[in-house]
>>> print(open('start_25.cif').read())   # mmCIF, C-alpha atoms
data_model
#
loop_
_atom_site.label_atom_id
_atom_site.label_comp_id
_atom_site.auth_asym_id
_atom_site.auth_seq_id
_atom_site.Cartn_x
_atom_site.Cartn_y
_atom_site.Cartn_z
CA MET A 77 -63.59 191.64 -99.92
CA SER A 78 -62.41 193.23 -103.19
CA PRO A 79 -59.38 195.57 -103.24
CA SER A 80 -61.71 198.55 -103.76
CA GLU A 81 -63.74 197.77 -100.63
CA GLY A 82 -61.21 197.63 -97.83
CA ILE A 83 -57.78 198.36 -96.42
CA ARG A 84 -54.66 196.29 -97.13
CA ALA A 85 -51.77 197.15 -94.82
CA ARG A 86 -48.49 195.24 -94.99
CA PHE A 87 -45.47 196.53 -93.09
CA LYS A 88 -42.24 194.94 -91.90
CA LEU A 89 -39.97 197.07 -89.78
CA ASP A 90 -36.97 196.17 -87.61
CA TYR A 91 -35.77 198.29 -84.71
CA SER A 92 -33.23 197.40 -82.09
CA GLY A 93 -35.24 195.29 -79.66
CA PHE A 94 -38.54 195.51 -81.58
CA ALA A 95 -39.93 194.34 -84.90
CA LEU A 96 -43.26 195.12 -86.57
CA ASP A 97 -44.45 192.48 -89.03
CA VAL A 98 -48.10 192.77 -90.04
CA ASP A 99 -50.16 191.88 -93.10
CA LEU A 100 -53.75 193.00 -92.54
CA VAL A 101 -56.91 193.01 -94.64
CA LEU A 102 -59.43 195.28 -92.94
CA PRO A 103 -62.97 196.45 -93.71
CA GLY A 104 -63.38 199.72 -95.58
CA ARG A 105 -65.97 201.09 -93.18
CA GLY A 106 -66.64 201.02 -89.45
CA LEU A 107 -64.43 201.30 -86.39
CA ILE A 108 -61.40 199.01 -86.30
CA ALA A 109 -59.97 198.75 -82.79
CA VAL A 110 -56.23 198.11 -82.52
CA PHE A 111 -55.78 196.51 -79.12
CA GLY A 112 -52.76 195.15 -77.27
CA PRO A 113 -50.36 195.71 -74.38
CA SER A 114 -47.92 198.59 -74.18
CA GLY A 115 -45.05 198.11 -76.60
CA SER A 116 -47.01 195.80 -78.91
CA GLY A 117 -46.67 198.16 -81.89
CA LYS A 118 -50.04 199.91 -81.99
CA THR A 119 -48.75 203.46 -82.43
CA THR A 120 -45.98 202.27 -84.76
CA LEU A 121 -48.63 200.70 -87.00
CA LEU A 122 -50.56 203.97 -87.15
CA ARG A 123 -47.38 205.92 -87.95
CA CYS A 124 -46.65 203.55 -90.83
CA ILE A 125 -50.19 204.00 -92.17
CA ALA A 126 -49.87 207.78 -91.89
CA GLY A 127 -46.55 207.71 -93.76
CA LEU A 128 -44.74 209.20 -90.77
CA GLN A 129 -42.62 206.04 -90.55
CA ARG A 130 -41.37 205.04 -93.98
CA VAL A 131 -41.14 201.27 -94.53
CA ALA A 132 -39.25 199.84 -97.47
CA ASP A 133 -41.51 197.58 -99.54
CA GLY A 134 -44.51 198.43 -97.36
CA GLN A 135 -47.94 198.26 -98.93
CA LEU A 136 -51.03 200.32 -98.13
CA THR A 137 -54.24 200.46 -100.15
CA VAL A 138 -57.32 202.28 -98.85
CA ASN A 139 -60.58 201.43 -100.61
CA GLY A 140 -58.89 200.99 -103.97
CA ASP A 141 -56.43 203.89 -103.68
CA THR A 142 -52.80 202.76 -103.32
CA TRP A 143 -50.86 205.04 -100.98
CA GLN A 144 -47.65 203.07 -101.10
CA ASP A 145 -46.17 199.91 -102.58
CA GLY A 146 -42.81 198.80 -103.90
CA ALA A 147 -42.97 201.35 -106.72
CA HIS A 148 -44.05 204.57 -105.02
CA PHE A 149 -44.62 206.25 -101.67
CA ARG A 150 -47.22 208.95 -101.07
CA PRO A 151 -45.91 211.39 -98.44
CA PRO A 152 -48.00 212.08 -95.31
CA HIS A 153 -49.34 215.47 -96.46
CA ARG A 154 -50.80 213.85 -99.60
CA ARG A 155 -52.57 211.02 -97.77
CA ALA A 156 -56.26 211.73 -97.31
CA LEU A 157 -56.35 210.93 -93.61
CA GLY A 158 -57.12 212.57 -90.31
CA TYR A 159 -55.00 211.89 -87.23
CA VAL A 160 -56.16 212.45 -83.65
CA PHE A 161 -53.52 212.06 -80.95
CA GLN A 162 -53.70 211.61 -77.18
CA GLU A 163 -53.25 215.36 -76.81
CA ALA A 164 -55.57 217.60 -78.80
CA SER A 165 -52.73 219.68 -80.34
CA LEU A 166 -54.99 222.64 -81.14
CA PHE A 167 -53.51 225.96 -82.23
CA PRO A 168 -53.55 228.02 -79.00
CA HIS A 169 -53.70 231.39 -80.80
CA LEU A 170 -56.87 230.44 -82.70
CA THR A 171 -60.41 230.14 -81.45
CA VAL A 172 -62.29 226.86 -81.80
CA ARG A 173 -63.83 228.22 -85.00
CA GLY A 174 -60.38 229.19 -86.26
CA ASN A 175 -59.06 225.68 -85.59
CA LEU A 176 -62.01 224.19 -87.47
CA ASP A 177 -61.53 226.58 -90.39
CA TYR A 178 -57.89 225.54 -90.58
CA GLY A 179 -58.88 221.90 -91.07
CA MET A 180 -61.63 222.72 -93.55
CA ASN A 181 -59.48 225.06 -95.64
CA ARG A 182 -56.97 222.28 -96.32
CA VAL A 183 -59.55 220.80 -98.69
CA PRO A 184 -60.85 222.50 -101.86
CA PRO A 185 -64.57 223.32 -101.53
CA ALA A 186 -65.54 220.89 -104.29
CA ALA A 187 -63.78 218.01 -102.49
CA ARG A 188 -65.31 218.57 -99.04
CA LYS A 189 -67.31 215.60 -97.79
CA VAL A 190 -68.03 216.80 -94.25
CA SER A 191 -69.64 220.20 -93.79
CA LEU A 192 -68.75 222.57 -90.99
CA ASP A 193 -72.27 222.41 -89.60
CA ARG A 194 -72.27 218.61 -89.57
CA ALA A 195 -68.92 218.38 -87.78
CA ILE A 196 -70.08 220.90 -85.18
CA ALA A 197 -73.33 219.02 -84.63
CA LEU A 198 -71.71 215.55 -84.45
CA LEU A 199 -69.28 216.67 -81.75
CA GLY A 200 -71.64 219.01 -79.92
CA ILE A 201 -69.29 222.01 -79.99
CA GLY A 202 -71.64 224.76 -81.20
CA GLY A 203 -71.33 226.60 -77.89
CA LEU A 204 -67.52 226.59 -77.95
CA LEU A 205 -66.76 228.30 -81.27
CA GLY A 206 -65.61 231.63 -79.86
CA ARG A 207 -63.40 230.21 -77.14
CA LYS A 208 -59.64 229.58 -77.14
CA PRO A 209 -58.22 226.08 -76.40
CA GLN A 210 -56.86 227.10 -73.01
CA GLY A 211 -60.43 227.84 -71.89
CA LEU A 212 -61.70 224.33 -72.72
CA SER A 213 -61.80 221.14 -70.67
CA GLY A 214 -59.76 218.16 -71.84
CA GLY A 215 -62.87 216.48 -73.25
CA GLU A 216 -63.90 219.63 -75.09
CA ARG A 217 -60.44 220.00 -76.63
CA GLN A 218 -60.54 216.42 -77.91
CA ARG A 219 -64.00 216.93 -79.40
CA VAL A 220 -62.69 219.98 -81.26
CA ALA A 221 -59.63 218.03 -82.43
CA ILE A 222 -61.84 215.24 -83.79
CA ALA A 223 -64.09 217.76 -85.56
CA ARG A 224 -61.04 219.44 -87.11
CA ALA A 225 -59.79 216.06 -88.36
CA LEU A 226 -63.19 215.30 -89.90
CA LEU A 227 -63.23 218.64 -91.70
CA THR A 228 -60.18 217.57 -93.72
CA SER A 229 -62.62 215.11 -95.40
CA PRO A 230 -60.35 212.11 -94.78
CA ARG A 231 -60.72 208.74 -96.45
CA LEU A 232 -59.30 207.21 -93.27
CA LEU A 233 -59.36 208.47 -89.68
CA LEU A 234 -56.59 207.44 -87.26
CA MET A 235 -57.20 207.86 -83.52
CA ASP A 236 -54.30 207.06 -81.21
CA GLU A 237 -55.71 206.59 -77.70
CA PRO A 238 -57.73 209.81 -77.92
CA LEU A 239 -59.13 209.41 -74.39
CA ALA A 240 -55.96 208.27 -72.62
CA ALA A 241 -55.13 211.71 -71.22
CA LEU A 242 -58.64 212.30 -69.86
CA ASP A 243 -59.99 211.49 -66.40
CA LEU A 244 -63.03 209.25 -66.00
CA ALA A 245 -65.54 212.11 -65.99
CA ARG A 246 -64.17 213.56 -69.23
CA LYS A 247 -64.12 210.10 -70.84
CA GLN A 248 -67.77 209.61 -69.95
CA GLU A 249 -68.49 213.05 -71.42
CA ILE A 250 -66.93 212.28 -74.80
CA MET A 251 -68.00 208.64 -75.30
CA PRO A 252 -71.54 209.45 -76.55
CA TYR A 253 -70.02 211.64 -79.27
CA LEU A 254 -67.68 208.84 -80.34
CA GLU A 255 -70.66 206.48 -80.46
CA ALA A 256 -72.49 208.97 -82.70
CA LEU A 257 -69.47 209.16 -85.01
CA HIS A 258 -69.31 205.37 -85.14
CA ALA A 259 -72.97 205.22 -86.15
CA GLU A 260 -72.87 207.96 -88.79
CA LEU A 261 -69.43 208.03 -90.40
CA GLU A 262 -68.96 206.26 -93.72
CA ILE A 263 -65.17 206.16 -93.50
CA PRO A 264 -63.00 203.58 -91.74
CA VAL A 265 -61.60 204.55 -88.34
CA LEU A 266 -58.49 202.89 -86.87
CA TYR A 267 -58.78 203.36 -83.14
CA VAL A 268 -55.89 202.46 -80.82
CA SER A 269 -56.89 201.81 -77.23
CA HIS A 270 -55.95 200.00 -74.02
CA SER A 271 -59.49 200.39 -72.69
CA PRO A 272 -61.87 197.40 -72.69
CA ASP A 273 -64.81 199.76 -72.26
CA GLU A 274 -63.91 201.80 -75.36
CA VAL A 275 -63.31 198.69 -77.47
CA GLY A 276 -66.50 197.03 -76.29
CA ARG A 277 -68.67 200.08 -76.94
CA LEU A 278 -67.21 201.21 -80.25
CA ALA A 279 -65.45 198.50 -82.26
CA ASP A 280 -66.82 196.59 -85.24
CA HIS A 281 -63.54 194.86 -86.10
CA LEU A 282 -60.75 193.94 -83.71
CA VAL A 283 -57.02 193.71 -84.39
CA VAL A 284 -54.94 192.33 -81.52
CA LEU A 285 -51.21 193.06 -81.59
CA ASP A 286 -48.58 191.33 -79.51
CA ALA A 287 -44.83 191.93 -79.87
CA GLY A 288 -45.30 193.60 -83.25
CA ARG A 289 -47.47 190.87 -84.80
CA ALA A 290 -51.20 190.67 -85.42
CA VAL A 291 -52.22 187.60 -83.43
CA ALA A 292 -55.92 188.08 -84.25
CA SER A 293 -57.98 190.11 -86.70
CA GLY A 294 -61.68 189.80 -87.44
CA PRO A 295 -65.21 190.96 -86.58
CA MET A 296 -65.19 191.85 -82.90
CA MET A 297 -67.88 189.45 -81.64
CA GLU A 298 -66.38 186.48 -83.50
CA THR A 299 -62.81 187.34 -82.51
CA LEU A 300 -63.58 187.66 -78.80
CA ALA A 301 -65.31 184.26 -78.84
CA ARG A 302 -62.28 182.39 -80.21
CA LEU A 303 -60.98 179.63 -77.93
CA ASP A 304 -57.67 179.14 -79.70
CA LEU A 305 -56.65 182.60 -78.57
CA PRO A 306 -58.76 183.87 -75.65
CA ILE A 307 -58.51 187.66 -75.67
CA ARG A 308 -58.74 189.50 -72.40
CA LEU A 309 -60.56 192.79 -72.57
CA GLY A 310 -59.20 194.05 -69.30
CA GLU A 311 -59.57 191.68 -66.38
CA ASP A 312 -60.96 188.64 -68.20
CA ALA A 313 -61.92 186.96 -71.45
CA GLY A 314 -65.47 187.54 -72.57
CA VAL A 315 -67.74 188.56 -75.41
CA VAL A 316 -69.65 191.65 -76.50
CA LEU A 317 -73.18 191.19 -77.86
CA GLU A 318 -75.29 193.70 -79.75
CA GLY A 319 -78.95 194.11 -78.86
CA LYS A 320 -81.84 196.48 -78.26
CA ILE A 321 -83.71 197.48 -75.16
CA ALA A 322 -86.93 195.44 -75.32
CA GLU A 323 -88.47 196.29 -71.94
CA ARG A 324 -87.88 198.45 -68.89
CA ASP A 325 -88.95 197.32 -65.44
CA GLU A 326 -89.08 200.63 -63.61
CA SER A 327 -90.13 199.06 -60.30
CA TRP A 328 -86.87 197.08 -60.08
CA ARG A 329 -84.72 199.45 -62.20
CA LEU A 330 -83.92 196.70 -64.69
CA ALA A 331 -83.99 196.52 -68.49
CA ARG A 332 -84.44 193.52 -70.79
CA VAL A 333 -82.12 193.42 -73.79
CA ASP A 334 -82.92 191.36 -76.88
CA CYS A 335 -79.69 190.04 -78.41
CA SER A 336 -80.66 188.25 -81.64
CA GLY A 337 -83.59 186.53 -79.94
CA THR A 338 -81.88 185.84 -76.60
CA ASP A 339 -82.97 188.03 -73.70
CA PHE A 340 -80.79 189.31 -70.87
CA TRP A 341 -81.82 191.36 -67.86
CA ILE A 342 -79.36 194.14 -67.01
CA ARG A 343 -79.32 197.21 -64.81
CA ASP A 344 -81.45 199.98 -66.29
CA SER A 345 -79.26 202.81 -67.59
CA GLY A 346 -82.21 204.91 -68.73
CA HIS A 347 -82.13 204.04 -72.43
CA PRO A 348 -85.57 204.00 -74.10
CA VAL A 349 -87.17 200.88 -75.54
CA GLY A 350 -85.70 200.20 -78.98
CA HIS A 351 -82.35 201.82 -78.16
CA ALA A 352 -79.34 199.86 -79.48
CA VAL A 353 -76.89 198.74 -76.80
CA ARG A 354 -73.94 196.41 -76.40
CA VAL A 355 -73.68 193.95 -73.54
CA ARG A 356 -70.28 192.74 -72.31
CA ILE A 357 -70.35 189.29 -70.67
CA LEU A 358 -67.17 188.11 -68.93
CA ALA A 359 -66.35 184.41 -68.78
CA ARG A 360 -65.92 184.51 -65.01
CA ASP A 361 -69.55 185.63 -64.61
CA VAL A 362 -71.08 182.67 -66.45
CA SER A 363 -71.84 179.34 -64.77
CA ILE A 364 -73.45 176.24 -66.29
CA ALA A 365 -76.23 173.94 -65.06
CA LEU A 366 -77.79 170.88 -66.63
CA SER A 367 -81.32 171.84 -65.60
CA GLN A 368 -83.26 175.08 -65.27
CA THR A 369 -83.91 176.03 -61.67
CA ALA A 370 -86.62 178.40 -60.46
CA ASP A 371 -85.32 178.95 -56.92
CA SER A 372 -82.24 180.96 -57.81
CA SER A 373 -81.24 184.59 -57.44
CA ILE A 374 -79.80 184.55 -60.95
CA LEU A 375 -82.16 186.30 -63.39
CA ASN A 376 -80.55 185.17 -66.64
CA ILE A 377 -80.87 181.41 -67.06
CA VAL A 378 -80.69 180.68 -70.78
CA ALA A 379 -80.79 177.42 -72.76
CA ALA A 380 -77.38 176.79 -74.32
CA GLU A 381 -75.37 174.33 -76.37
CA VAL A 382 -71.70 173.57 -75.78
CA LEU A 383 -69.69 174.34 -78.92
CA GLU A 384 -66.08 173.94 -77.76
CA ILE A 385 -64.03 173.35 -74.63
CA GLY A 386 -60.56 174.85 -74.52
CA ASP A 387 -57.63 175.30 -72.17
CA ASP A 388 -57.41 178.25 -69.81
CA THR A 389 -54.39 179.93 -68.26
CA HIS A 390 -54.30 177.38 -65.39
CA PRO A 391 -54.52 173.61 -65.90
CA ALA A 392 -57.32 173.36 -63.32
CA GLN A 393 -59.56 175.56 -65.47
CA ALA A 394 -61.26 175.43 -68.86
CA ILE A 395 -62.98 177.91 -71.14
CA VAL A 396 -66.30 176.66 -72.50
CA LYS A 397 -67.77 178.25 -75.61
CA LEU A 398 -71.57 178.19 -75.60
CA LYS A 399 -74.20 179.09 -78.14
CA LEU A 400 -77.18 180.94 -76.67
CA GLY A 401 -79.58 181.22 -79.59
CA ALA A 402 -77.44 182.95 -82.21
CA SER A 403 -75.04 184.43 -79.66
CA PRO A 404 -71.67 183.02 -78.56
CA VAL A 405 -70.83 183.26 -74.85
CA LEU A 406 -67.75 182.09 -72.93
CA ALA A 407 -67.78 180.47 -69.47
CA ARG A 408 -64.83 179.74 -67.19
CA LEU A 409 -65.19 176.48 -65.24
CA THR A 410 -62.89 174.17 -63.35
CA ARG A 411 -61.94 171.00 -65.19
CA ARG A 412 -63.61 169.14 -62.32
CA SER A 413 -66.93 170.86 -63.06
CA VAL A 414 -66.63 170.11 -66.78
CA ALA A 415 -66.12 166.42 -65.94
CA SER A 416 -68.85 166.19 -63.29
CA LEU A 417 -71.39 167.77 -65.65
CA GLY A 418 -70.23 165.53 -68.49
CA LEU A 419 -69.84 168.49 -70.82
CA VAL A 420 -68.70 167.78 -74.37
CA PRO A 421 -69.31 169.62 -77.65
CA GLY A 422 -73.00 169.23 -78.44
CA SER A 423 -74.13 169.00 -74.79
CA LYS A 424 -77.33 170.83 -73.90
CA ALA A 425 -77.20 172.94 -70.78
CA TYR A 426 -78.23 176.24 -69.23
CA ALA A 427 -76.02 179.30 -68.92
CA GLN A 428 -76.49 181.26 -65.69
CA ILE A 429 -75.48 184.93 -65.76
CA LYS A 430 -76.04 187.43 -62.97
CA ALA A 431 -77.83 190.59 -64.10
CA VAL A 432 -75.57 192.68 -61.85
CA ALA A 433 -72.50 191.32 -63.68
CA LEU A 434 -73.54 192.45 -67.15
CA ILE A 435 -72.00 195.64 -68.51
CA ALA A 436 -73.96 197.66 -71.07
#
>>> encode(input="start_25.cif", output="C-alpha cells")
Amino acid sequence: MSPSEGIRARFKLDYSGFALDVDLVLPGRGLIAVFGPSGSGKTTLLRCIAGLQRVADGQLTVNGDTWQDGAHFRPPHRRALGYVFQEASLFPHLTVRGNLDYGMNRVPPAARKVSLDRAIALLGIGGLLGRKPQGLSGGERQRVAIARALLTSPRLLLMDEPLAALDLARKQEIMPYLEALHAELEIPVLYVSHSPDEVGRLADHLVVLDAGRAVASGPMMETLARLDLPIRLGEDAGVVLEGKIAERDESWRLARVDCSGTDFWIRDSGHPVGHAVRVRILARDVSIALSQTADSSILNIVAAEVLEIGDDTHPAQAIVKLKLGASPVLARLTRRSVASLGLVPGSKAYAQIKAVALIA
C-alpha cells in the first residue's frame, strides 16, 4: 500500500494508569472496525485521529494528506473528517433540514462531494426534514447525525459506537442504512464497536485493541481466522464469510449460501437469490468427522482440510483451523478428540455445522 492509498496512524500517549501506543497502516477505503474491551483505548484512538487529543510526535496521514507529524499539527476544525458520537448531538432549535444544511454549509459548494439529495436517500430521512430532533426516535436521530457528517464531505468518517445508546429495535432499524453506506461510500470509515453483530455485518478490516495496543490488524476474515491470537466476537471465536444467496427452499424456510464455492444452508431471512450476505460461524458450532455420514440431522457436512491446530483457553481444548474450499473455518475440539481422530495439519476430514447455528 503506497502512502497515497491508505491511512498511517502512529500515536504514543501516557496517562496515569493507561498508555496508548499504536502504529497502524490501514486501508484508504472501506469500513475499519476498532474492536476491544472497555478501557482498551478505542475512543482515545479516535480522539487522537480527530486532533481532539494532541500527541507530541504523533503521525497521521490520510490518503496522501499529512494531518500531523513531528513538524506540524492540523487542528481539528481543519481536518476533513466527520465524527458521529454515541449521542446524535443535533441542534435542538433546528429542524432536520436545518441540521443538514449546517453540515453542508461548512463546505464550499465547489468542494462538496456528497449532495444533499444523496445523503437524504442513503439514510432514508426524506420524510423527517421538517421535524425537530425532540420529535425523532433514537434511530432517526442517529441517521440524521450520520447524514449531517456526510454532508461535510469528509475524507475520513469516525463513528464512535453510534448504536450503543439504542435499544435492539432501533439498532435493527438503522443497520440496513449502515450496510448501504458501507457498500456505497468511497471514503474510509473508522467504526468503534463492542458489538459482534455490527463488526460481522459491516467490517472489511479489523483492528483489535487491548490495553492501549493494537494486538491485531488486518482484513477481517483473515484476522478472525488467526490461531496465534483467537479473537472472540462476543461469546466465542469464529469467522465471518462473505457469500450470496444461491437458492431458497420455501417449503423448509431455508436458504443456501454460496461462499466462494462452498455451500451452507442457513435459516431463510427473506433475501432474494443473488443477494450478498455474510455468514458468522462460531468455533463451538463446528465438529469434525473423518467420513461423510448420510444419517445425520446436520445439514452442512463439508469436505475440509486441517491447516493448523492451536491452543485454546483451557488445556483440555484445541482450536482447529480448517479450509473449506477457499474459506477458513475454526472448530473447537477437546484434545482427546484431536488425538482420537489423528488430526494433524494436512489431514482430510469433514466439517459438520448445524444450519440453525449459522448467523447471517
>>> resolve_selection(input="start_25.cif", expression="the PyMOL selection byres ((chain A and resi 246-252) around 8)", output="ChimeraX atom specification")
/A:214-216,219,239,242-245,253-256,274
>>> residues_around(input="start_25.cif", residues="A:Ile108", least_positions_apart="5", cutoff="10 Å", atoms="all atoms listed in the file", output="number ranges by chain")
A: 102-103, 234, 264-268, 275, 278-283, 293-296
>>> resolve_selection(input="start_25.cif", expression="the PyMOL selection byres ((chain A and resi 304) around 9)", output="PyMOL selection string")
chain A and resi 302-303+305-306+386-387
>>> closest_residue(input="start_25.cif", among="A:Gln428, A:Thr410, A:Gln144, A:Thr299", to="A:Ala132", atoms="only C-alpha atoms")
A:Gln144
>>> closest_residue(input="start_25.cif", among="A:Arg289, A:Lys397, A:Arg408, A:Arg277", to="A:Arg354", atoms="all atoms listed in the file")
A:Arg277
>>> resolve_selection(input="start_25.cif", expression="the PyMOL selection byres ((chain A and resi 193) around 12)", output="PyMOL selection string")
chain A and resi 173+176-177+180+189-192+194-202+205+223-224+226-227
>>> closest_residue(input="start_25.cif", among="A:Gln218, A:Glu237, A:Ala292, A:Ser114", to="A:Val101", atoms="all atoms listed in the file")
A:Ala292
>>> atom_distance(input="start_25.cif", atom1="atom CA of A:Phe87", atom2="atom CA of A:Thr119")
13.1 Å
>>> residues_around(input="start_25.cif", residues="A:Ala402", least_positions_apart="2", cutoff="9 Å", atoms="only C-alpha atoms", output="list in words")
Cys335, Ser336, Gly337, Thr338, Lys399, Leu400 and Pro404 of chain A
>>> closest_residue(input="start_25.cif", among="A:Glu384, A:Arg360, A:Gly211, A:Pro272", to="A:Pro421", atoms="only C-alpha atoms")
A:Glu384
>>> residues_near_point(input="start_25.cif", point="(-39.6, 191.7, -84.2)", cutoff="12 Å", atoms="only C-alpha atoms", output="list of chain:residue names")
A:Phe87, A:Lys88, A:Leu89, A:Asp90, A:Tyr91, A:Ser92, A:Gly93, A:Phe94, A:Ala95, A:Leu96, A:Asp97, A:Val98, A:Gly115, A:Ser116, A:Gly117, A:Leu285, A:Asp286, A:Ala287, A:Gly288, A:Arg289, A:Ala290
>>> residues_around(input="start_25.cif", residues="A:Pro209", least_positions_apart="6", cutoff="7 Å", atoms="only C-alpha atoms", output="compact mmCIF listing (two decimals) with C-alpha atoms, in the coordinates of the input")
# COMPACT_ATOMS: atom_id res chain seq x y z
CA LEU A 166 -54.99 222.64 -81.14
CA PRO A 168 -53.55 228.02 -79.00
CA THR A 171 -60.41 230.14 -81.45
CA VAL A 172 -62.29 226.86 -81.80
CA ARG A 217 -60.44 220.00 -76.63
>>> residues_around(input="start_25.cif", residues="A:Met235", least_positions_apart="3", cutoff="6 Å", atoms="all atoms listed in the file", output="list in words")
Tyr159, Val160, Pro238 and Tyr267 of chain A
>>> write_last_selection(input="start_25.cif", atoms="C-alpha atoms", output="PDB file, in the coordinates of the input")
ATOM      1  CA  TYR A 159     -55.000 211.890 -87.230  1.00  0.00           C
ATOM      2  CA  VAL A 160     -56.160 212.450 -83.650  1.00  0.00           C
ATOM      3  CA  PRO A 238     -57.730 209.810 -77.920  1.00  0.00           C
ATOM      4  CA  TYR A 267     -58.780 203.360 -83.140  1.00  0.00           C
TER       5      TYR A 267
END
>>> residues_near_point(input="start_25.cif", point="(-86.0, 191.1, -73.2)", cutoff="10 Å", atoms="only C-alpha atoms", output="JSON, numbers by chain")
{"A": [319, 320, 321, 322, 323, 324, 331, 332, 333, 334, 335, 337, 338, 339, 340, 341, 342]}
>>> decode(input="start_25.cif", residues="stretch 239-257 of chain A", atoms="N, CA and C atoms", output="PDB file, in the first residue's frame")
ATOM      1  N   LEU A 239     -24.363   3.068  17.714  1.00  0.00           N
ATOM      2  CA  LEU A 239     -25.607   2.379  18.060  1.00  0.00           C
ATOM      3  C   LEU A 239     -25.689   2.017  19.537  1.00  0.00           C
ATOM      4  N   ALA A 240     -24.678   2.389  20.314  1.00  0.00           N
ATOM      5  CA  ALA A 240     -24.603   1.928  21.704  1.00  0.00           C
ATOM      6  C   ALA A 240     -25.767   2.422  22.547  1.00  0.00           C
ATOM      7  N   ALA A 241     -26.295   3.602  22.247  1.00  0.00           N
ATOM      8  CA  ALA A 241     -27.365   4.163  23.070  1.00  0.00           C
ATOM      9  C   ALA A 241     -28.756   3.723  22.619  1.00  0.00           C
ATOM     10  N   LEU A 242     -28.816   2.869  21.587  1.00  0.00           N
ATOM     11  CA  LEU A 242     -30.109   2.470  21.032  1.00  0.00           C
ATOM     12  C   LEU A 242     -30.527   1.100  21.557  1.00  0.00           C
ATOM     13  N   ASP A 243     -31.841   0.883  21.670  1.00  0.00           N
ATOM     14  CA  ASP A 243     -32.323  -0.443  22.033  1.00  0.00           C
ATOM     15  C   ASP A 243     -32.275  -1.351  20.798  1.00  0.00           C
ATOM     16  N   LEU A 244     -32.577  -2.623  21.003  1.00  0.00           N
ATOM     17  CA  LEU A 244     -32.418  -3.602  19.931  1.00  0.00           C
ATOM     18  C   LEU A 244     -33.267  -3.247  18.713  1.00  0.00           C
ATOM     19  N   ALA A 245     -34.501  -2.804  18.929  1.00  0.00           N
ATOM     20  CA  ALA A 245     -35.373  -2.477  17.802  1.00  0.00           C
ATOM     21  C   ALA A 245     -34.807  -1.333  16.970  1.00  0.00           C
ATOM     22  N   ARG A 246     -34.271  -0.303  17.639  1.00  0.00           N
ATOM     23  CA  ARG A 246     -33.697   0.830  16.913  1.00  0.00           C
ATOM     24  C   ARG A 246     -32.408   0.437  16.198  1.00  0.00           C
ATOM     25  N   LYS A 247     -31.627  -0.470  16.809  1.00  0.00           N
ATOM     26  CA  LYS A 247     -30.420  -0.954  16.137  1.00  0.00           C
ATOM     27  C   LYS A 247     -30.786  -1.695  14.857  1.00  0.00           C
ATOM     28  N   GLN A 248     -31.803  -2.539  14.938  1.00  0.00           N
ATOM     29  CA  GLN A 248     -32.227  -3.278  13.750  1.00  0.00           C
ATOM     30  C   GLN A 248     -32.772  -2.343  12.683  1.00  0.00           C
ATOM     31  N   GLU A 249     -33.343  -1.220  13.111  1.00  0.00           N
ATOM     32  CA  GLU A 249     -33.862  -0.225  12.171  1.00  0.00           C
ATOM     33  C   GLU A 249     -32.743   0.460  11.396  1.00  0.00           C
ATOM     34  N   ILE A 250     -31.631   0.742  12.070  1.00  0.00           N
ATOM     35  CA  ILE A 250     -30.578   1.543  11.441  1.00  0.00           C
ATOM     36  C   ILE A 250     -29.538   0.706  10.702  1.00  0.00           C
ATOM     37  N   MET A 251     -29.397  -0.589  11.042  1.00  0.00           N
ATOM     38  CA  MET A 251     -28.350  -1.405  10.427  1.00  0.00           C
ATOM     39  C   MET A 251     -28.428  -1.461   8.896  1.00  0.00           C
ATOM     40  N   PRO A 252     -29.601  -1.601   8.280  1.00  0.00           N
ATOM     41  CA  PRO A 252     -29.623  -1.620   6.810  1.00  0.00           C
ATOM     42  C   PRO A 252     -29.070  -0.341   6.187  1.00  0.00           C
ATOM     43  N   TYR A 253     -29.242   0.792   6.861  1.00  0.00           N
ATOM     44  CA  TYR A 253     -28.697   2.047   6.326  1.00  0.00           C
ATOM     45  C   TYR A 253     -27.174   2.067   6.445  1.00  0.00           C
ATOM     46  N   LEU A 254     -26.653   1.523   7.544  1.00  0.00           N
ATOM     47  CA  LEU A 254     -25.196   1.438   7.679  1.00  0.00           C
ATOM     48  C   LEU A 254     -24.616   0.487   6.638  1.00  0.00           C
ATOM     49  N   GLU A 255     -25.328  -0.606   6.343  1.00  0.00           N
ATOM     50  CA  GLU A 255     -24.864  -1.523   5.310  1.00  0.00           C
ATOM     51  C   GLU A 255     -24.855  -0.844   3.951  1.00  0.00           C
ATOM     52  N   ALA A 256     -25.846   0.006   3.682  1.00  0.00           N
ATOM     53  CA  ALA A 256     -25.880   0.742   2.411  1.00  0.00           C
ATOM     54  C   ALA A 256     -24.716   1.714   2.332  1.00  0.00           C
ATOM     55  N   LEU A 257     -24.415   2.395   3.437  1.00  0.00           N
ATOM     56  CA  LEU A 257     -23.259   3.301   3.460  1.00  0.00           C
ATOM     57  C   LEU A 257     -21.973   2.538   3.183  1.00  0.00           C
TER      58      LEU A 257
END
